[in-house]
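For reference, the structure is listed below as structure tokens.
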Amino acid sequence: MPAMTMIQALNSAMDIMLARDPNVVVLGEDVGYFGGVFRCTDGLQKKHGRHRVFDTPIAEAGILGAAVGMSVYGLRPVAEIQFADYIYPAADQLISEAARLRYRSGGEFTAPLTVRAPCGGGIYGGQTHSQSPEGIFTHVCGLKTVIPSNPYDAKGLLISAIEDDDPVIFFEPKRLYNGPFDGHHDKPTLPWAKHPQGEVPADYYTVPLGKAAIARPGSAATVIAYGAMVHVALAAVEESGIDAEVIDLRTLIPVDIDAIVASVEKTGRCVIVHEATRTSGFGAELSALVQEHCFYHLEAPIERVTGYDTPYPHALEWDYFPGPARVTEALRRVTEAM
Amino acid sequence: MSNVRSLRRTGKPPRPYLHVPEPKARPGEPADFSTLAIPEAGRQARPAVDASARELRPFAEDLIRVMDGEGRAVGPWDPKLDADTLRRGLRVMMLTRAYDDRMYRAQRQGKTSFYMKCTGEEAVASAQAMALNRADMLFPTYRQQGLLIARDWPLVDMMNQVYSNTQDRLKGRQMPVFYSSAEAGFFSISGNLATQYSQAVGWAMAAAIKGDSRIAAAWIGEGATAEGDFHHALTFASVYRAPVILNVVNNQWAISSFQGIAGGEATTFASRAIGFGIPALRVDGNDFLAVYAVTQWAAERARTHVGPTLIELFTYRAAPHSTSDDPSKYRPAEEARQWPLGDPIARLKQHLISLGQWSEERHVQLESELIEEVRAAGRQAESYGTLDKGPHHSAKTMFEDVFKDMPWNLRRQRQESGV
Ligand SMILES: Cc1ncc(C[n+]2csc(CCOP(=O)(O)OP(=O)(O)O)c2C)c(N)n1
Ligand SMILES: [Mg+2]
């Protein structure tokens, strides 16, 4: 099986879907000739033509408005927003339009589009190249939200997202593009080629939306994570020696409640980890779900390890980033609680 | 082939297709500026600032130029600056370039995370800042560092920001080059393109509400004119006749997208203003004198309550977009050198020499003086820290300024973080 970075895996997913489905088009700022600022669409224009893979004006509202129109026609647009931080101008097209089109038209019109956007910090991008805005979009009804943590899942999930008949927002943790970054910024990151999940079939396959993965089985506690935080959680488990189970949600909406309940009922203890700011983050929803579904199995208060409620700072990025040490502390607290 | 031609030839309309603009030349091909219409310098009339919209309309398609091929100032737009002012303009542009070169290298040496140069576009910020009043408010993009330099803002302070060090007034929070200086009338740079454009109009409206004679000026790249904020700014500026100058820096490229992707194939960026009833001037952005003159004209329009003006500054981004960019992947390597409007520093230098007010020797000497000035500032800034080695502001500061008064959750988070 070929080794792929997450960038190559995403590229392969789009390449395959462009070839399989003549209705798939790829659009976004710098995605055409250049192949994207993170190179995710490299070579796709040359291979599939300028009318299938093309640059757009710098207008996120325009990109997603046009993508809604294309999908109403019957296309399956895959729109790249260059950084998740630049999705806000398009919020209206996404929240008020794409997400609600099926509902308001009684199913007459739908918007089967995919929005890809790199998210997360760790590249000294400051407050406008580091955000994790998934919680804003999980709050919107009618939008599916996906965040992969490795190349294998990234490809299979992106193919599923493109084939899905509802709008999907697909956040790509940019710090995972080249390797399973685990929060140890002072150490080199392993390349995906040396990681089992960097082995990616060259052909078509899917990873279903709405299904979590057990990244590591365990019994002492449950860590619910997604994206880059999966690797941070795994590092924390290893370093703490606490035999925790790590759930990689992969899809946030619809969330895999069965996987969460099965694990927390088994462990009785739960730590929720995300990089996004804490207040009203997706962790709040997860915490409420665990409380609603597993209250009588809980043996300790639920813990959240998240980004602080501040914009992402430039120089102090590693003071901000919720690394393995903070996850370890939370694991200690939940496992030491009576 | 155009649809119309094909229809004439075959009697059948061609199969519909999506037009996706492509630049004239890509890597490996010779640069091609053959279709650029560059009018002769000095040919453009200089209308009264209160001329009718109809009279001003042609300026959106023309190109105002003052310096001819020999560096002489010709025509009615010659701002007739004295030699000291010209030499100061040259100095500001050269200092901006020397500063850019050093900070670009500093990034390459790992001392900071990121940098953006304005090479080839120095006349924009330098001449415009000099043509405005010191009290006028500036809403720039990341590529107008020259505004701060023209306002004599200390290089050390700018470097402190680039290094996110202990003396950085922005406390290491912002990416390099996202300066902010209320004292210099330089609005805080946002990473989100175009937002400053409607904000500048709002500032100008506020000045009008208060009967204040200061005006606002905003800058935007041609690529970012596609954003909604650009259009909101023009609408509001037109409706309220806001005392604002709306500058579009058309440097031909927006990262890897040529100006055709922003809508530059069908019309000029200056022409955008016409539909809003705002007069527009299109100017040779590498001609210091022309840029100075049109800015003066627009400032007079704003200050005398005639209304807003849009200026398209026609120039070329000679540098990569940023330290993260590699233009050899999307445009011919030769393009920058072959830009038909030349280099703004070389052109003003030639003008000054033709006036007998400058010489090659003085130029070389000034160049080395400026490099030394930048080097000294660099040493001082680095003594306060660099991004890679520190020191930085303490981690405590991360929780400050989210709100004026820190709410309980941030206080709790600061405590838990152990700082
Ligand atoms: C809202 C938003 N979308 C996208 C970006 C990413 N981006 C940063 S600079 C840039 C190109 C801007 O080009 P232009 O406006 O022509 O200015 P120039 O860089 O040429 O000065 C892009 C797409 C951004 N910063 N903000
Ligand atoms: Mg540009």
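All residue names refer to the structure tokens as shown: chains lettered A, B, ... in order, residues numbered from 1 in each chain, ligands numbered from 1 in order.
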
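Secondary structure from DSSP on the backbone puts strand (DSSP E) at the following positions of region 265-328 of chain B: Ala280, Leu281, Arg282, Val283, Asp284, Thr309, Leu310, Ile311, Glu312, Leu313 and Phe314 of chain B.
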
Could you produce a table of the residues of chain B lying within 10 Å of ligand 1, with the nearest pair of atoms per residue and their separation in Å rounded to one decimal, using only C-alpha atoms and all ligand atoms, ordered by chain and increasing residue number, as a tab-separated table?
residue	atom	partner	partner_atom_place_in_ligand_line	distance
B:Met116	CA	ligand 1	19 (O)	8.8
B:Lys117	CA	ligand 1	21 (O)	9.4
B:Cys118	CA	ligand 1	21 (O)	7.9
B:Glu121	CA	ligand 1	21 (O)	9.3
B:Thr141	CA	ligand 1	21 (O)	7.3
B:Tyr142	CA	ligand 1	21 (O)	7.3
B:Arg143	CA	ligand 1	21 (O)	5.7
B:Gln144	CA	ligand 1	21 (O)	8.7
B:Ser190	CA	ligand 1	25 (N)	8.1
B:Gly191	CA	ligand 1	25 (N)	4.9
B:Asn192	CA	ligand 1	26 (N)	3.8
B:Leu193	CA	ligand 1	26 (N)	4.0
B:Ala194	CA	ligand 1	1 (C)	7.1
B:Thr195	CA	ligand 1	1 (C)	8.1
B:Trp219	CA	ligand 1	21 (O)	9.4
B:Ile220	CA	ligand 1	15 (O)	6.0
B:Gly221	CA	ligand 1	15 (O)	3.2
B:Glu222	CA	ligand 1	16 (O)	4.3
B:Gly223	CA	ligand 1	16 (O)	3.5
B:Ala224	CA	ligand 1	15 (O)	3.7
B:Thr225	CA	ligand 1	15 (O)	6.7
B:Ala226	CA	ligand 1	15 (O)	8.5
B:Glu227	CA	ligand 1	1 (C)	7.4
B:Gly228	CA	ligand 1	1 (C)	9.8
B:Asp229	CA	ligand 1	1 (C)	9.8
B:Val248	CA	ligand 1	15 (O)	8.7
B:Val249	CA	ligand 1	21 (O)	6.9
B:Asn250	CA	ligand 1	16 (O)	6.6
B:Asn251	CA	ligand 1	20 (O)	5.6
B:Gln252	CA	ligand 1	20 (O)	7.0
B:Trp253	CA	ligand 1	20 (O)	5.1
B:Ala254	CA	ligand 1	13 (O)	3.3
B:Ile255	CA	ligand 1	11 (C)	4.9
B:Ser256	CA	ligand 1	11 (C)	8.1
B:Ser257	CA	ligand 1	13 (O)	8.1
B:Phe258	CA	ligand 1	16 (O)	8.4
B:Gln259	CA	ligand 1	16 (O)	7.5
B:Ala262	CA	ligand 1	16 (O)	8.3
B:Thr315	CA	ligand 1	20 (O)	10.0
B:Tyr316	CA	ligand 1	20 (O)	8.6
B:Arg317	CA	ligand 1	20 (O)	6.6
B:Ala319	CA	ligand 1	20 (O)	9.9
B:Pro320	CA	ligand 1	19 (O)	9.1
B:His321	CA	ligand 1	19 (O)	5.8
B:Ser322	CA	ligand 1	19 (O)	8.2

Residues near Gln8 (chain A), anyone? I mean within 7 Å using only C-alpha atoms, not counting same-chain ones fewer than 4 positions away, as a ChimeraX atom specification. /A:4,12,40

List the neighbours of region 337-349 of chain B out to 7 Å using only C-alpha atoms; skip same-chain residues closer than 6 positions along the sequence, and give me the result as a PyMOL selection string. chain B and resi 71+90+93-94+120+122-123+286-288

Mind dumping the selected residues with C-alpha atoms as a PDB file, in the first residue's frame?
ATOM      1  CA  GLY B  71      12.902  60.654 -15.935  1.00  0.00           C
ATOM      2  CA  LEU B  90      13.536  58.513  -2.411  1.00  0.00           C
ATOM      3  CA  MET B  93      11.326  54.131  -0.515  1.00  0.00           C
ATOM      4  CA  MET B  94      14.942  53.032  -0.131  1.00  0.00           C
ATOM      5  CA  GLY B 120       8.499  47.125  -6.430  1.00  0.00           C
ATOM      6  CA  GLU B 122       7.352  51.201  -2.509  1.00  0.00           C
ATOM      7  CA  ALA B 123       6.011  54.302  -4.283  1.00  0.00           C
ATOM      8  CA  ASN B 286       5.652  52.980  -9.887  1.00  0.00           C
ATOM      9  CA  ASP B 287       5.715  56.700 -10.695  1.00  0.00           C
ATOM     10  CA  PHE B 288       6.296  58.474  -7.374  1.00  0.00           C
TER      11      PHE B 288
END

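CA of Tyr226 (chain A) is found 24.9 Å from CA of Ala315 (chain A).
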
Taking 3 positions as the minimum chain separation for residues in the same chain, which residues sit within 10 Å of His392 (chain B) when counting only C-alpha atoms? Answer as a PDB file with all heavy atoms, in the first residue's frame.
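Below is the file out.pdb, written as the result:
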ATOM      1  N   ALA A 315       3.200  34.436  19.432  1.00  0.00           N
ATOM      2  CA  ALA A 315       4.437  34.005  20.092  1.00  0.00           C
ATOM      3  C   ALA A 315       4.170  32.967  21.185  1.00  0.00           C
ATOM      4  O   ALA A 315       4.990  32.102  21.452  1.00  0.00           O
ATOM      5  CB  ALA A 315       5.164  35.201  20.679  1.00  0.00           C
ATOM      6  N   LEU A 316       3.008  33.073  21.817  1.00  0.00           N
ATOM      7  CA  LEU A 316       2.706  32.200  22.950  1.00  0.00           C
ATOM      8  C   LEU A 316       1.884  30.983  22.528  1.00  0.00           C
ATOM      9  O   LEU A 316       1.163  30.396  23.329  1.00  0.00           O
ATOM     10  CB  LEU A 316       1.972  33.002  24.037  1.00  0.00           C
ATOM     11  CG  LEU A 316       2.780  34.174  24.616  1.00  0.00           C
ATOM     12  CD1 LEU A 316       1.923  35.033  25.529  1.00  0.00           C
ATOM     13  CD2 LEU A 316       4.003  33.654  25.366  1.00  0.00           C
TER      14      LEU A 316
ATOM     15  N   TYR B 163       9.432  40.428  15.559  1.00  0.00           N
ATOM     16  CA  TYR B 163      10.080  39.420  16.406  1.00  0.00           C
ATOM     17  C   TYR B 163       9.198  38.952  17.569  1.00  0.00           C
ATOM     18  O   TYR B 163       9.595  38.065  18.322  1.00  0.00           O
ATOM     19  CB  TYR B 163      11.392  39.969  16.972  1.00  0.00           C
ATOM     20  CG  TYR B 163      12.500  40.089  15.934  1.00  0.00           C
ATOM     21  CD1 TYR B 163      13.360  41.186  15.929  1.00  0.00           C
ATOM     22  CD2 TYR B 163      12.692  39.098  14.979  1.00  0.00           C
ATOM     23  CE1 TYR B 163      14.380  41.300  14.990  1.00  0.00           C
ATOM     24  CE2 TYR B 163      13.704  39.197  14.035  1.00  0.00           C
ATOM     25  CZ  TYR B 163      14.548  40.292  14.047  1.00  0.00           C
ATOM     26  OH  TYR B 163      15.537  40.398  13.125  1.00  0.00           O
ATOM     27  N   SER B 164       8.035  39.564  17.753  1.00  0.00           N
ATOM     28  CA  SER B 164       7.180  39.219  18.901  1.00  0.00           C
ATOM     29  C   SER B 164       7.980  39.241  20.198  1.00  0.00           C
ATOM     30  O   SER B 164       7.811  38.365  21.055  1.00  0.00           O
ATOM     31  CB  SER B 164       6.559  37.824  18.717  1.00  0.00           C
ATOM     32  OG  SER B 164       5.439  37.878  17.864  1.00  0.00           O
ATOM     33  N   ASN B 165       8.850  40.210  20.365  1.00  0.00           N
ATOM     34  CA  ASN B 165       9.729  40.200  21.541  1.00  0.00           C
ATOM     35  C   ASN B 165       9.132  40.978  22.722  1.00  0.00           C
ATOM     36  O   ASN B 165       7.969  41.400  22.670  1.00  0.00           O
ATOM     37  CB  ASN B 165      11.134  40.714  21.160  1.00  0.00           C
ATOM     38  CG  ASN B 165      11.109  42.185  20.743  1.00  0.00           C
ATOM     39  OD1 ASN B 165      10.171  42.927  21.065  1.00  0.00           O
ATOM     40  ND2 ASN B 165      12.130  42.597  20.012  1.00  0.00           N
ATOM     41  N   THR B 166       9.941  41.163  23.754  1.00  0.00           N
ATOM     42  CA  THR B 166       9.429  41.769  24.998  1.00  0.00           C
ATOM     43  C   THR B 166       8.999  43.217  24.819  1.00  0.00           C
ATOM     44  O   THR B 166       8.244  43.738  25.634  1.00  0.00           O
ATOM     45  CB  THR B 166      10.509  41.742  26.092  1.00  0.00           C
ATOM     46  OG1 THR B 166      11.717  42.291  25.523  1.00  0.00           O
ATOM     47  CG2 THR B 166      10.771  40.327  26.575  1.00  0.00           C
ATOM     48  N   GLN B 167       9.498  43.873  23.783  1.00  0.00           N
ATOM     49  CA  GLN B 167       9.132  45.274  23.552  1.00  0.00           C
ATOM     50  C   GLN B 167       8.005  45.402  22.530  1.00  0.00           C
ATOM     51  O   GLN B 167       7.628  46.510  22.157  1.00  0.00           O
ATOM     52  CB  GLN B 167      10.348  46.058  23.048  1.00  0.00           C
ATOM     53  CG  GLN B 167      11.485  46.120  24.052  1.00  0.00           C
ATOM     54  CD  GLN B 167      11.105  46.908  25.285  1.00  0.00           C
ATOM     55  OE1 GLN B 167      10.700  48.058  25.197  1.00  0.00           O
ATOM     56  NE2 GLN B 167      11.225  46.292  26.450  1.00  0.00           N
ATOM     57  N   ASP B 168       7.497  44.289  22.036  1.00  0.00           N
ATOM     58  CA  ASP B 168       6.406  44.340  21.058  1.00  0.00           C
ATOM     59  C   ASP B 168       5.163  44.897  21.745  1.00  0.00           C
ATOM     60  O   ASP B 168       4.647  44.278  22.682  1.00  0.00           O
ATOM     61  CB  ASP B 168       6.159  42.923  20.514  1.00  0.00           C
ATOM     62  CG  ASP B 168       4.912  42.839  19.631  1.00  0.00           C
ATOM     63  OD1 ASP B 168       4.394  43.905  19.213  1.00  0.00           O
ATOM     64  OD2 ASP B 168       4.469  41.706  19.356  1.00  0.00           O
ATOM     65  N   LYS B 171       2.296  42.646  22.166  1.00  0.00           N
ATOM     66  CA  LYS B 171       2.497  41.559  23.124  1.00  0.00           C
ATOM     67  C   LYS B 171       2.631  40.180  22.463  1.00  0.00           C
ATOM     68  O   LYS B 171       2.185  39.177  23.014  1.00  0.00           O
ATOM     69  CB  LYS B 171       1.357  41.546  24.160  1.00  0.00           C
ATOM     70  CG  LYS B 171       1.258  42.903  24.853  1.00  0.00           C
ATOM     71  CD  LYS B 171       0.169  42.989  25.879  1.00  0.00           C
ATOM     72  CE  LYS B 171       0.027  44.441  26.328  1.00  0.00           C
ATOM     73  NZ  LYS B 171      -1.089  44.655  27.239  1.00  0.00           N
ATOM     74  N   GLY B 172       3.203  40.184  21.262  1.00  0.00           N
ATOM     75  CA  GLY B 172       3.455  38.908  20.599  1.00  0.00           C
ATOM     76  C   GLY B 172       2.200  38.222  20.104  1.00  0.00           C
ATOM     77  O   GLY B 172       2.227  37.053  19.746  1.00  0.00           O
ATOM     78  N   TYR B 384      16.097  42.830  22.422  1.00  0.00           N
ATOM     79  CA  TYR B 384      14.854  42.656  23.189  1.00  0.00           C
ATOM     80  C   TYR B 384      14.239  41.283  22.953  1.00  0.00           C
ATOM     81  O   TYR B 384      13.199  40.960  23.521  1.00  0.00           O
ATOM     82  CB  TYR B 384      13.818  43.710  22.804  1.00  0.00           C
ATOM     83  CG  TYR B 384      14.294  45.134  22.929  1.00  0.00           C
ATOM     84  CD1 TYR B 384      14.057  46.040  21.900  1.00  0.00           C
ATOM     85  CD2 TYR B 384      14.969  45.577  24.072  1.00  0.00           C
ATOM     86  CE1 TYR B 384      14.484  47.351  22.000  1.00  0.00           C
ATOM     87  CE2 TYR B 384      15.404  46.888  24.176  1.00  0.00           C
ATOM     88  CZ  TYR B 384      15.167  47.772  23.138  1.00  0.00           C
ATOM     89  OH  TYR B 384      15.582  49.056  23.226  1.00  0.00           O
ATOM     90  N   GLY B 385      14.853  40.507  22.061  1.00  0.00           N
ATOM     91  CA  GLY B 385      14.353  39.151  21.831  1.00  0.00           C
ATOM     92  C   GLY B 385      13.935  38.917  20.394  1.00  0.00           C
ATOM     93  O   GLY B 385      13.660  39.850  19.652  1.00  0.00           O
ATOM     94  N   THR B 386      13.930  37.637  20.026  1.00  0.00           N
ATOM     95  CA  THR B 386      13.423  37.227  18.717  1.00  0.00           C
ATOM     96  C   THR B 386      12.415  36.107  18.951  1.00  0.00           C
ATOM     97  O   THR B 386      12.372  35.525  20.035  1.00  0.00           O
ATOM     98  CB  THR B 386      14.556  36.701  17.807  1.00  0.00           C
ATOM     99  OG1 THR B 386      15.280  35.698  18.521  1.00  0.00           O
ATOM    100  CG2 THR B 386      15.504  37.819  17.393  1.00  0.00           C
ATOM    101  N   LEU B 387      11.638  35.805  17.914  1.00  0.00           N
ATOM    102  CA  LEU B 387      10.597  34.789  18.100  1.00  0.00           C
ATOM    103  C   LEU B 387      11.211  33.440  18.473  1.00  0.00           C
ATOM    104  O   LEU B 387      10.719  32.755  19.374  1.00  0.00           O
ATOM    105  CB  LEU B 387       9.751  34.632  16.830  1.00  0.00           C
ATOM    106  CG  LEU B 387       8.641  33.584  16.962  1.00  0.00           C
ATOM    107  CD1 LEU B 387       7.573  34.024  17.956  1.00  0.00           C
ATOM    108  CD2 LEU B 387       8.015  33.252  15.618  1.00  0.00           C
ATOM    109  N   ASP B 388      12.301  33.067  17.803  1.00  0.00           N
ATOM    110  CA  ASP B 388      12.850  31.727  18.036  1.00  0.00           C
ATOM    111  C   ASP B 388      13.503  31.586  19.405  1.00  0.00           C
ATOM    112  O   ASP B 388      13.315  30.605  20.102  1.00  0.00           O
ATOM    113  CB  ASP B 388      13.837  31.336  16.918  1.00  0.00           C
ATOM    114  CG  ASP B 388      15.011  32.290  16.790  1.00  0.00           C
ATOM    115  OD1 ASP B 388      14.858  33.482  17.144  1.00  0.00           O
ATOM    116  OD2 ASP B 388      16.086  31.864  16.330  1.00  0.00           O
ATOM    117  N   LYS B 389      14.245  32.616  19.827  1.00  0.00           N
ATOM    118  CA  LYS B 389      15.016  32.469  21.061  1.00  0.00           C
ATOM    119  C   LYS B 389      14.366  33.159  22.252  1.00  0.00           C
ATOM    120  O   LYS B 389      14.794  32.965  23.380  1.00  0.00           O
ATOM    121  CB  LYS B 389      16.414  33.063  20.845  1.00  0.00           C
ATOM    122  CG  LYS B 389      17.203  32.320  19.750  1.00  0.00           C
ATOM    123  CD  LYS B 389      18.675  32.220  20.118  1.00  0.00           C
ATOM    124  CE  LYS B 389      19.443  31.351  19.141  1.00  0.00           C
ATOM    125  NZ  LYS B 389      19.698  32.064  17.866  1.00  0.00           N
ATOM    126  N   ALA B 395       3.508  34.509  29.607  1.00  0.00           N
ATOM    127  CA  ALA B 395       2.299  33.794  29.180  1.00  0.00           C
ATOM    128  C   ALA B 395       1.039  34.377  29.831  1.00  0.00           C
ATOM    129  O   ALA B 395      -0.060  34.233  29.313  1.00  0.00           O
ATOM    130  CB  ALA B 395       2.434  32.305  29.510  1.00  0.00           C
TER     131      ALA B 395
END
